[in-house]
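The file coords-v3.cif comes next; it holds mmCIF, C-alpha atoms.
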```
data_entry
loop_
_atom_site.label_atom_id
_atom_site.label_comp_id
_atom_site.auth_asym_id
_atom_site.auth_seq_id
_atom_site.Cartn_x
_atom_site.Cartn_y
_atom_site.Cartn_z
CA MET O 1 -22.26 -111.31 14.66
CA SER O 2 -19.75 -113.58 16.35
CA ILE O 3 -18.00 -112.61 19.60
CA PHE O 4 -14.75 -112.15 17.65
CA GLU O 5 -16.43 -109.73 15.22
CA THR O 6 -18.06 -107.93 18.15
CA ILE O 7 -14.74 -107.43 19.93
CA VAL O 8 -12.91 -106.26 16.81
CA ILE O 9 -15.57 -103.68 15.91
CA ALA O 10 -15.79 -102.51 19.55
CA ILE O 11 -12.00 -102.07 19.69
CA VAL O 12 -12.21 -99.98 16.53
CA GLU O 13 -14.98 -97.88 18.12
CA GLY O 14 -13.06 -97.35 21.35
CA LEU O 15 -9.83 -96.45 19.56
CA THR O 16 -11.33 -94.06 17.04
CA GLU O 17 -14.35 -92.43 18.74
CA PHE O 18 -12.31 -89.60 20.24
CA LEU O 19 -9.58 -89.45 17.59
CA PRO O 20 -10.13 -87.22 14.53
CA VAL O 21 -10.26 -90.18 12.13
CA SER O 22 -14.00 -91.07 12.16
CA SER O 23 -15.15 -93.96 14.31
CA THR O 24 -18.22 -94.56 12.14
CA GLY O 25 -16.06 -94.68 9.02
CA HIS O 26 -13.63 -97.12 10.61
CA MET O 27 -16.42 -99.36 11.86
CA ILE O 28 -17.89 -99.47 8.34
CA ILE O 29 -14.43 -100.43 7.03
CA ALA O 30 -14.04 -103.06 9.76
CA GLN O 31 -17.45 -104.56 8.93
CA ASN O 32 -16.48 -104.82 5.26
CA LEU O 33 -13.11 -106.38 6.07
CA LEU O 34 -14.76 -108.92 8.38
CA GLY O 35 -17.55 -109.62 5.92
CA VAL O 36 -20.25 -108.59 8.41
CA GLU O 37 -23.56 -107.98 6.66
CA SER O 38 -25.00 -104.49 7.21
CA THR O 39 -28.25 -105.60 8.86
CA GLU O 40 -30.54 -103.38 10.93
CA PHE O 41 -29.01 -104.83 14.09
CA VAL O 42 -25.44 -104.20 12.93
CA LYS O 43 -26.31 -100.57 12.12
CA ALA O 44 -27.87 -100.19 15.57
CA PHE O 45 -24.91 -101.97 17.19
CA THR O 46 -22.46 -99.36 15.87
CA PHE O 47 -24.50 -96.66 17.61
CA ILE O 48 -25.29 -98.54 20.81
CA ILE O 49 -21.68 -99.42 21.64
CA GLN O 50 -20.92 -95.70 21.58
CA PHE O 51 -22.57 -95.71 25.02
CA GLY O 52 -19.58 -97.63 26.36
CA ALA O 53 -17.22 -95.08 24.84
CA ILE O 54 -19.02 -92.07 26.35
CA LEU O 55 -18.91 -93.65 29.80
CA SER O 56 -15.13 -93.41 29.58
CA VAL O 57 -15.45 -89.60 29.35
CA VAL O 58 -17.67 -89.50 32.43
CA VAL O 59 -15.23 -91.69 34.37
CA LEU O 60 -12.10 -89.74 33.34
CA TYR O 61 -13.63 -86.29 33.83
CA TRP O 62 -16.24 -87.01 36.50
CA LYS O 63 -15.06 -84.20 38.81
CA ARG O 64 -15.52 -81.63 36.07
CA PHE O 65 -18.57 -83.28 34.56
CA PHE O 66 -20.58 -83.17 37.78
CA LYS O 67 -19.26 -79.88 39.17
CA LEU O 68 -21.68 -76.94 39.42
CA ASN O 69 -20.59 -73.32 39.05
CA GLN O 70 -19.82 -72.13 42.59
CA ALA O 71 -19.00 -68.52 41.64
CA PRO O 72 -21.64 -66.01 42.70
CA ALA O 73 -24.10 -64.92 40.02
CA PRO O 74 -23.92 -61.31 38.75
CA GLU O 75 -25.61 -58.88 41.11
CA GLY O 76 -29.23 -58.21 40.21
CA ALA O 77 -29.49 -61.29 37.97
CA SER O 78 -32.95 -62.76 37.42
CA ALA O 79 -33.94 -66.17 38.75
CA LEU O 80 -33.43 -67.68 35.27
CA LYS O 81 -29.98 -66.14 34.90
CA ARG O 82 -29.00 -67.34 38.38
CA PHE O 83 -30.15 -70.84 37.43
CA LEU O 84 -28.23 -70.81 34.14
CA HIS O 85 -25.18 -69.43 35.94
CA LYS O 86 -25.19 -72.28 38.44
CA TYR O 87 -25.69 -74.92 35.75
CA ASP O 88 -23.50 -73.07 33.26
CA PHE O 89 -21.58 -76.16 32.07
CA TYR O 90 -24.74 -78.16 31.33
CA TRP O 91 -26.45 -75.20 29.67
CA LYS O 92 -23.56 -74.76 27.24
CA LEU O 93 -23.52 -78.49 26.54
CA PHE O 94 -27.22 -78.25 25.73
CA VAL O 95 -26.65 -75.26 23.44
CA ALA O 96 -23.96 -77.19 21.56
CA PHE O 97 -26.14 -80.32 21.40
CA ILE O 98 -29.22 -78.65 19.83
CA PRO O 99 -27.96 -78.42 16.19
CA ALA O 100 -27.05 -82.12 16.02
CA ALA O 101 -30.38 -83.12 17.58
CA VAL O 102 -32.31 -81.13 14.97
CA PHE O 103 -30.23 -82.26 11.99
CA GLY O 104 -30.18 -85.85 13.22
CA LEU O 105 -33.96 -86.06 13.40
CA LEU O 106 -34.43 -84.35 10.02
CA PHE O 107 -31.90 -86.42 8.10
CA SER O 108 -31.91 -89.75 9.96
CA ASP O 109 -32.85 -91.82 6.90
CA ALA O 110 -30.25 -90.16 4.67
CA ILE O 111 -27.56 -90.75 7.31
CA ASP O 112 -28.54 -94.44 7.59
CA ALA O 113 -28.30 -94.79 3.80
CA MET O 114 -24.74 -93.39 3.79
CA LEU O 115 -23.70 -95.90 6.47
CA GLU O 116 -23.76 -98.61 3.81
CA LYS O 117 -21.48 -96.77 1.38
CA VAL O 118 -17.81 -97.43 2.07
CA GLU O 119 -16.86 -95.23 -0.92
CA VAL O 120 -18.33 -92.22 0.94
CA VAL O 121 -16.07 -93.04 3.88
CA ALA O 122 -12.98 -93.32 1.63
CA VAL O 123 -13.58 -89.93 -0.01
CA THR O 124 -14.35 -88.08 3.23
CA LEU O 125 -11.34 -89.63 4.96
CA ILE O 126 -9.09 -88.26 2.21
CA LEU O 127 -10.71 -84.82 2.08
CA GLY O 128 -10.69 -84.54 5.88
CA GLY O 129 -7.07 -85.69 5.96
CA VAL O 130 -5.97 -83.00 3.50
CA PHE O 131 -7.78 -80.40 5.59
CA MET O 132 -6.08 -81.62 8.78
CA LEU O 133 -2.64 -81.12 7.28
CA PHE O 134 -3.32 -77.39 7.31
CA CYS O 135 -5.90 -76.86 10.07
CA ASP O 136 -3.27 -76.12 12.74
CA LYS O 137 -1.91 -73.24 10.67
CA ILE O 138 -5.40 -72.04 9.77
CA PHE O 139 -7.03 -72.13 13.19
CA ASN O 140 -4.31 -72.31 15.82
CA LYS O 141 -2.91 -68.83 15.24
CA GLY O 142 -3.48 -66.92 18.42
CA SER O 143 -5.56 -69.70 19.93
CA ASP O 144 -5.30 -68.96 23.63
CA GLU O 145 -8.88 -69.10 24.89
CA THR O 146 -10.02 -71.74 27.38
CA GLU O 147 -13.31 -70.10 28.36
CA LEU O 148 -16.42 -71.56 26.75
CA THR O 149 -19.09 -69.01 25.93
CA GLU O 150 -22.59 -69.68 24.58
CA LYS O 151 -21.53 -68.45 21.14
CA ARG O 152 -18.55 -70.78 21.06
CA ALA O 153 -20.68 -73.69 22.26
CA LEU O 154 -23.21 -73.06 19.48
CA MET O 155 -20.49 -72.86 16.82
CA VAL O 156 -19.00 -76.15 18.00
CA GLY O 157 -22.49 -77.65 17.83
CA LEU O 158 -22.94 -76.44 14.25
CA PHE O 159 -19.58 -77.91 13.24
CA GLN O 160 -20.64 -81.20 14.84
CA CYS O 161 -23.45 -81.52 12.28
CA ILE O 162 -20.86 -81.94 9.51
CA SER O 163 -19.74 -85.18 11.18
CA MET O 164 -23.05 -86.85 10.35
CA ILE O 165 -21.44 -87.67 7.01
CA PRO O 166 -19.59 -90.98 7.60
CA GLY O 167 -15.83 -90.50 7.49
CA VAL O 168 -15.80 -86.85 8.55
CA SER O 169 -15.22 -87.52 12.29
CA ARG O 170 -17.25 -85.96 15.08
CA SER O 171 -14.07 -85.39 17.06
CA MET O 172 -12.36 -83.56 14.20
CA ALA O 173 -15.40 -81.41 13.40
CA THR O 174 -16.00 -80.30 16.99
CA ILE O 175 -12.33 -79.67 17.80
CA VAL O 176 -11.91 -77.59 14.64
CA GLY O 177 -15.14 -75.82 15.60
CA GLY O 178 -13.62 -74.90 18.94
CA MET O 179 -10.31 -73.83 17.39
CA SER O 180 -12.20 -71.63 14.91
CA GLN O 181 -13.38 -69.75 18.01
CA ARG O 182 -9.76 -69.24 19.18
CA MET O 183 -9.91 -72.02 21.75
CA THR O 184 -6.69 -73.92 22.44
CA ARG O 185 -6.35 -77.45 21.05
CA LYS O 186 -6.62 -78.93 24.55
CA ALA O 187 -9.69 -76.88 25.54
CA ALA O 188 -11.39 -77.66 22.21
CA ALA O 189 -10.58 -81.38 22.50
CA GLU O 190 -11.89 -81.63 26.06
CA PHE O 191 -15.16 -79.89 25.18
CA SER O 192 -15.43 -82.25 22.20
CA PHE O 193 -15.27 -85.15 24.65
CA PHE O 194 -17.90 -83.59 26.93
CA LEU O 195 -20.22 -82.89 24.00
CA ALA O 196 -19.93 -86.52 22.93
CA VAL O 197 -21.83 -87.58 26.06
CA PRO O 198 -25.28 -86.04 25.34
CA THR O 199 -24.85 -86.40 21.56
CA MET O 200 -23.97 -90.09 21.53
CA PHE O 201 -26.32 -90.92 24.39
CA ALA O 202 -29.21 -89.36 22.45
CA ALA O 203 -28.16 -91.20 19.26
CA THR O 204 -28.08 -94.49 21.17
CA LEU O 205 -31.51 -93.92 22.72
CA TYR O 206 -32.95 -92.93 19.35
CA LYS O 207 -31.62 -96.08 17.66
CA VAL O 208 -32.98 -98.30 20.45
CA TYR O 209 -36.33 -96.52 20.26
CA LYS O 210 -36.51 -96.99 16.48
CA LEU O 211 -35.74 -100.69 16.82
CA PHE O 212 -38.45 -101.14 19.46
CA SER O 213 -41.02 -99.11 17.51
CA GLU O 214 -40.35 -101.18 14.40
CA GLY O 215 -40.78 -104.46 16.24
CA GLY O 216 -37.11 -105.08 16.89
CA MET O 217 -37.31 -105.86 20.61
CA GLU O 218 -36.35 -109.48 19.95
CA MET O 219 -33.35 -108.21 17.98
CA ILE O 220 -32.10 -106.42 21.11
CA THR O 221 -32.94 -109.10 23.68
CA GLY O 222 -31.62 -111.85 21.43
CA ASN O 223 -28.26 -110.11 21.05
CA MET O 224 -27.82 -108.83 24.61
CA THR O 225 -24.48 -110.62 25.08
CA THR O 226 -23.14 -109.00 21.92
CA LEU O 227 -24.23 -105.55 23.11
CA VAL O 228 -22.78 -105.99 26.62
CA VAL O 229 -19.43 -107.25 25.30
CA GLY O 230 -19.31 -104.48 22.69
CA ASN O 231 -19.96 -101.72 25.23
CA LEU O 232 -17.47 -103.12 27.74
CA VAL O 233 -14.67 -103.40 25.18
CA ALA O 234 -15.41 -99.93 23.76
CA PHE O 235 -15.34 -98.46 27.29
CA ILE O 236 -11.95 -99.94 28.20
CA VAL O 237 -10.28 -99.07 24.90
CA ALA O 238 -11.71 -95.53 24.86
CA LEU O 239 -10.22 -94.84 28.31
CA LEU O 240 -6.75 -95.48 26.92
CA ALA O 241 -7.40 -93.63 23.65
CA ILE O 242 -8.54 -90.40 25.36
CA LYS O 243 -5.42 -90.20 27.52
CA PHE O 244 -3.20 -90.75 24.49
CA PHE O 245 -5.04 -88.26 22.29
CA ILE O 246 -5.00 -85.31 24.70
CA SER O 247 -1.27 -85.69 25.25
CA PHE O 248 -0.47 -86.22 21.57
CA VAL O 249 -2.61 -83.50 20.01
CA THR O 250 -1.55 -80.89 22.58
CA LYS O 251 2.10 -81.53 21.74
CA TYR O 252 2.06 -82.40 18.03
CA GLY O 253 -1.24 -81.17 16.53
CA PHE O 254 -3.25 -82.94 13.83
CA LYS O 255 -0.85 -83.49 10.94
CA ALA O 256 -0.13 -87.15 11.77
CA PHE O 257 -3.87 -87.90 11.83
CA GLY O 258 -4.23 -86.11 8.51
CA TRP O 259 -1.64 -88.33 6.82
CA TYR O 260 -3.22 -91.42 8.38
CA ARG O 261 -6.64 -90.50 6.99
CA ILE O 262 -5.22 -89.86 3.50
CA ILE O 263 -3.36 -93.18 3.44
CA VAL O 264 -6.30 -95.27 4.69
CA GLY O 265 -8.84 -93.50 2.48
CA GLY O 266 -6.52 -93.75 -0.52
CA ILE O 267 -5.96 -97.49 -0.09
CA ILE O 268 -9.70 -98.14 0.18
CA LEU O 269 -10.53 -95.94 -2.80
CA ILE O 270 -7.91 -97.63 -4.98
CA MET O 271 -9.21 -101.06 -3.99
CA LEU O 272 -12.78 -100.06 -4.81
CA LEU O 273 -11.85 -98.45 -8.14
CA THR O 274 -9.86 -101.52 -9.19
CA GLY O 275 -12.74 -103.84 -8.38
CA HIS O 276 -11.20 -105.47 -5.31
CA ASN O 277 -13.41 -106.75 -2.49
CA LEU O 278 -12.60 -105.36 0.95
CA THR O 279 -13.68 -108.56 2.65
CA ILE O 280 -10.75 -110.50 4.10
CA MET O 281 -12.71 -113.09 6.09
#
```

Starting from the file, lay out its structure as structure tokens.
Amino acid sequence: MSIFETIVIAIVEGLTEFLPVSSTGHMIIAQNLLGVESTEFVKAFTFIIQFGAILSVVVLYWKRFFKLNQAPAPEGASALKRFLHKYDFYWKLFVAFIPAAVFGLLFSDAIDAMLEKVEVVAVTLILGGVFMLFCDKIFNKGSDETELTEKRALMVGLFQCISMIPGVSRSMATIVGGMSQRMTRKAAAEFSFFLAVPTMFAATLYKVYKLFSEGGMEMITGNMTTLVVGNLVAFIVALLAIKFFISFVTKYGFKAFGWYRIIVGGIILIMLLTGHNLTIM
């Protein structure tokens, strides 16, 4: 990959990681448009630069991300319950993370295979877009909860598993998961950002581990500049995208993102069905 290709794909990652439009799907589209071959390194690159994006969440929300529960534990609580009470935020993140960790390990090869199929991205973009046109009416009725319980965390985690299909969008799946539990759009979106940290960090570590275990250490060390540039660009762009998204979705909801997904997915699907090559470079 050239530096130009690296920057373009990293910009796409930073812009779309926390928007409900599928960062993985958009990176697959960007690779096809740029004519970047889907090598083992390129597949790993799309996961590894997510590390830069998740750092933006830690930076923007560091006071909340590293704050322990200072409220006193219920009287008579056991040592375990007092521990979980103090580390309540991290415990609920862990509960929400478990489903994706299990599904990711079980279906890693199937997920990798789908990463090469741009037609899968086109179809899921359209289907997800149609759903988003109506999800505010479906889930936002009476949504007034900001408290995150273990049950709500687990449901968000289960919804997150759907996003392993390229084009679905992890952000969309987890936010809808939160809204299905009567959480407000803002509360659901913020927890979606928090959940991205352990989920994407684990995915990055797993990809790096797989590369090393399969003799790909030279692939990493030989492309270190590409990885550093990609993470840096993704970090900067994601900072701006998160601020925009929270403000926009709180005020306007998801309909605009739904139409965007339908238009992009439709254009790609038409091009594929008419035999046109997506490569522009």

Who sits within 12 Å of region 217-232 of chain O, only C-alpha atoms, same chain under 4 positions skipped, as a PyMOL selection string | chain O and resi 1-14+39-56+204+207-213+236-239

> Selected by the PyMOL selection byres ((chain O and resi 30) around 10) in the shown coordinates: which residues, as a list in words?
Replying inline: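 The output of the PyMOL selection byres ((chain O and resi 30) around 10) on this file is Glu5, Val8, Ile9, Ala10, Val12, Glu13, Thr24, Gly25, His26, Met27, Ile28, Ile29, Gln31, Asn32, Leu33, Leu34, Gly35, Val36, Leu278, Thr279 and Ile280 of chain O.
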
* To do: Could you tell me which of O:Val168, O:Cys135, O:Val118, O:Ile175 comes closest to Met271 (chain O) if we count all atoms listed in the file?
  =>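 So, comparing all the options, the nearest one is O:Val118.
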
Judged by all atoms listed in the file, the minimum distance to Thr146 (chain O) among O:Ser169, O:Ser247, O:Gln181, O:Thr199 is found for O:Gln181

*Near Phe254 (chain O), counting only C-alpha atoms, which residues have an atom at most 10 Å away, once you skip same-chain residues fewer than 3 positions from it, shown as a PyMOL selection string?*
chain O and resi 19-20+129+131-136+172+185+248-251+257-259

Which one of O:Glu147, O:Ala196, O:Ala153, O:Val120 sits closest to Met183 (chain O) if you count all atoms listed in the file?
->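 Among O:Glu147, O:Ala196, O:Ala153, O:Val120, it is O:Glu147 that comes nearest to Met183 (chain O).
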
### Query
Written as a list in words, which residues does the PyMOL selection byres ((chain O and resi 112) around 10) give for the file shown?
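On this input, the PyMOL selection byres ((chain O and resi 112) around 10) captures Glu40, Lys43, Ala44, Phe107, Ser108, Asp109, Ala110, Ile111, Ala113, Met114, Leu115, Glu116, Lys117, Met164, Ile165 and Pro166 of chain O.
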
Can you tell me, as an MDAnalysis selection string, what residues are no more than 12 Å from Ala96 (chain O) when counting all atoms listed in the file, ignoring any on the same chain fewer than 3 positions away? chainID O and resid 89:93 99:102 148:161 174 177:178 191:192 194:199

Could those selected residues go to a file with C-alpha atoms, as a compact mmCIF listing (two decimals), in the frame of the given file?
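Final file, part_9.txt:
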```txt
# COMPACT_ATOMS: atom_id res chain seq x y z
CA PHE O 89 -21.58 -76.16 32.07
CA TYR O 90 -24.74 -78.16 31.33
CA TRP O 91 -26.45 -75.20 29.67
CA LYS O 92 -23.56 -74.76 27.24
CA LEU O 93 -23.52 -78.49 26.54
CA PRO O 99 -27.96 -78.42 16.19
CA ALA O 100 -27.05 -82.12 16.02
CA ALA O 101 -30.38 -83.12 17.58
CA VAL O 102 -32.31 -81.13 14.97
CA LEU O 148 -16.42 -71.56 26.75
CA THR O 149 -19.09 -69.01 25.93
CA GLU O 150 -22.59 -69.68 24.58
CA LYS O 151 -21.53 -68.45 21.14
CA ARG O 152 -18.55 -70.78 21.06
CA ALA O 153 -20.68 -73.69 22.26
CA LEU O 154 -23.21 -73.06 19.48
CA MET O 155 -20.49 -72.86 16.82
CA VAL O 156 -19.00 -76.15 18.00
CA GLY O 157 -22.49 -77.65 17.83
CA LEU O 158 -22.94 -76.44 14.25
CA PHE O 159 -19.58 -77.91 13.24
CA GLN O 160 -20.64 -81.20 14.84
CA CYS O 161 -23.45 -81.52 12.28
CA THR O 174 -16.00 -80.30 16.99
CA GLY O 177 -15.14 -75.82 15.60
CA GLY O 178 -13.62 -74.90 18.94
CA PHE O 191 -15.16 -79.89 25.18
CA SER O 192 -15.43 -82.25 22.20
CA PHE O 194 -17.90 -83.59 26.93
CA LEU O 195 -20.22 -82.89 24.00
CA ALA O 196 -19.93 -86.52 22.93
CA VAL O 197 -21.83 -87.58 26.06
CA PRO O 198 -25.28 -86.04 25.34
CA THR O 199 -24.85 -86.40 21.56
```

Problem set entry | d(CA of Val121 (chain O), CA of Val264 (chain O)) in Å |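 CA of Val264 (chain O) lies at a distance of 10.1 Å from CA of Val121 (chain O).
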
### Task
Run the PyMOL selection byres ((chain O and resi 67) around 12) on the file and write out the hits as a VMD selection string.
chain O and resid 58 61 to 66 68 to 71 86 to 90

As a check of understanding: the span from CA of Leu125 (chain O) to CA of Thr184 (chain O) is 24.0 Å

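Here CA of Lys137 (chain O) stands at a distance of 11.6 Å from CA of Val176 (chain O).
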
For Ala122 (chain O), please output as a PDB file with C-alpha atoms, keeping the file's coordinate frame all residues within 9 Å (counting all atoms listed in the file; exclusion window: fewer than 4 positions along the same chain).
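Result file is around12.pdb:
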```pdb
ATOM      1  CA  GLY O  25     -16.060 -94.680   9.020  1.00  0.00           C
ATOM      2  CA  VAL O 118     -17.810 -97.430   2.070  1.00  0.00           C
ATOM      3  CA  ILE O 126      -9.090 -88.260   2.210  1.00  0.00           C
ATOM      4  CA  LEU O 127     -10.710 -84.820   2.080  1.00  0.00           C
ATOM      5  CA  GLY O 167     -15.830 -90.500   7.490  1.00  0.00           C
ATOM      6  CA  ARG O 261      -6.640 -90.500   6.990  1.00  0.00           C
ATOM      7  CA  ILE O 262      -5.220 -89.860   3.500  1.00  0.00           C
ATOM      8  CA  VAL O 264      -6.300 -95.270   4.690  1.00  0.00           C
ATOM      9  CA  GLY O 265      -8.840 -93.500   2.480  1.00  0.00           C
ATOM     10  CA  GLY O 266      -6.520 -93.750  -0.520  1.00  0.00           C
ATOM     11  CA  ILE O 267      -5.960 -97.490  -0.090  1.00  0.00           C
ATOM     12  CA  ILE O 268      -9.700 -98.140   0.180  1.00  0.00           C
ATOM     13  CA  LEU O 269     -10.530 -95.940  -2.800  1.00  0.00           C
TER      14      LEU O 269
END
```

Determine the nearest neighbour of Phe201 (chain O) from the options O:Ile138, O:Ser171, O:Lys243, O:Phe97, counting only C-alpha atoms.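 Counting only C-alpha atoms, the residue closest to Phe201 (chain O) is O:Phe97.
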
Output: region 12-59 of chain O of the preceding structure, restricted to C-alpha atoms, written as a PDB file, in the first residue's frame.
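And here's out_30.pdb as it stands now:
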```
ATOM      1  CA  VAL O  12     -12.566   6.422   5.808  1.00  0.00           C
ATOM      2  CA  GLU O  13     -12.026   4.407   9.006  1.00  0.00           C
ATOM      3  CA  GLY O  14     -11.922   7.487  11.227  1.00  0.00           C
ATOM      4  CA  LEU O  15     -15.005   9.039   9.618  1.00  0.00           C
ATOM      5  CA  THR O  16     -17.163   5.930   9.641  1.00  0.00           C
ATOM      6  CA  GLU O  17     -16.108   3.879  12.693  1.00  0.00           C
ATOM      7  CA  PHE O  18     -18.544   5.621  15.030  1.00  0.00           C
ATOM      8  CA  LEU O  19     -21.199   6.499  12.454  1.00  0.00           C
ATOM      9  CA  PRO O  20     -23.958   3.949  11.729  1.00  0.00           C
ATOM     10  CA  VAL O  21     -22.775   3.371   8.154  1.00  0.00           C
ATOM     11  CA  SER O  22     -20.249   0.514   8.596  1.00  0.00           C
ATOM     12  CA  SER O  23     -16.561   1.374   8.686  1.00  0.00           C
ATOM     13  CA  THR O  24     -15.568  -2.111   7.514  1.00  0.00           C
ATOM     14  CA  GLY O  25     -17.948  -1.870   4.573  1.00  0.00           C
ATOM     15  CA  HIS O  26     -16.638   1.555   3.590  1.00  0.00           C
ATOM     16  CA  MET O  27     -13.021   0.434   3.848  1.00  0.00           C
ATOM     17  CA  ILE O  28     -13.796  -2.524   1.567  1.00  0.00           C
ATOM     18  CA  ILE O  29     -15.395  -0.091  -0.900  1.00  0.00           C
ATOM     19  CA  ALA O  30     -12.410   2.264  -0.622  1.00  0.00           C
ATOM     20  CA  GLN O  31      -9.978  -0.598  -1.283  1.00  0.00           C
ATOM     21  CA  ASN O  32     -11.914  -1.577  -4.401  1.00  0.00           C
ATOM     22  CA  LEU O  33     -12.067   2.005  -5.660  1.00  0.00           C
ATOM     23  CA  LEU O  34      -8.329   2.443  -5.107  1.00  0.00           C
ATOM     24  CA  GLY O  35      -7.529  -0.937  -6.627  1.00  0.00           C
ATOM     25  CA  VAL O  36      -5.833  -2.167  -3.446  1.00  0.00           C
ATOM     26  CA  GLU O  37      -5.422  -5.941  -3.492  1.00  0.00           C
ATOM     27  CA  SER O  38      -7.040  -7.729  -0.537  1.00  0.00           C
ATOM     28  CA  THR O  39      -3.859  -9.306   0.836  1.00  0.00           C
ATOM     29  CA  GLU O  40      -3.435 -10.708   4.347  1.00  0.00           C
ATOM     30  CA  PHE O  41      -1.700  -7.494   5.378  1.00  0.00           C
ATOM     31  CA  VAL O  42      -4.470  -5.276   3.981  1.00  0.00           C
ATOM     32  CA  LYS O  43      -7.093  -7.311   5.873  1.00  0.00           C
ATOM     33  CA  ALA O  44      -5.036  -6.961   9.059  1.00  0.00           C
ATOM     34  CA  PHE O  45      -4.465  -3.245   8.372  1.00  0.00           C
ATOM     35  CA  THR O  46      -8.218  -2.542   8.378  1.00  0.00           C
ATOM     36  CA  PHE O  47      -8.424  -4.028  11.878  1.00  0.00           C
ATOM     37  CA  ILE O  48      -5.192  -2.602  13.276  1.00  0.00           C
ATOM     38  CA  ILE O  49      -5.967   1.025  12.395  1.00  0.00           C
ATOM     39  CA  GLN O  50      -9.129   0.695  14.474  1.00  0.00           C
ATOM     40  CA  PHE O  51      -6.758   1.062  17.431  1.00  0.00           C
ATOM     41  CA  GLY O  52      -6.217   4.694  16.450  1.00  0.00           C
ATOM     42  CA  ALA O  53      -9.962   5.242  16.297  1.00  0.00           C
ATOM     43  CA  ILE O  54     -10.621   3.759  19.752  1.00  0.00           C
ATOM     44  CA  LEU O  55      -7.955   5.984  21.287  1.00  0.00           C
ATOM     45  CA  SER O  56     -10.117   8.942  20.283  1.00  0.00           C
ATOM     46  CA  VAL O  57     -12.883   7.607  22.570  1.00  0.00           C
ATOM     47  CA  VAL O  58     -10.467   7.296  25.485  1.00  0.00           C
ATOM     48  CA  VAL O  59      -9.191  10.844  24.917  1.00  0.00           C
TER      49      VAL O  59
END
```
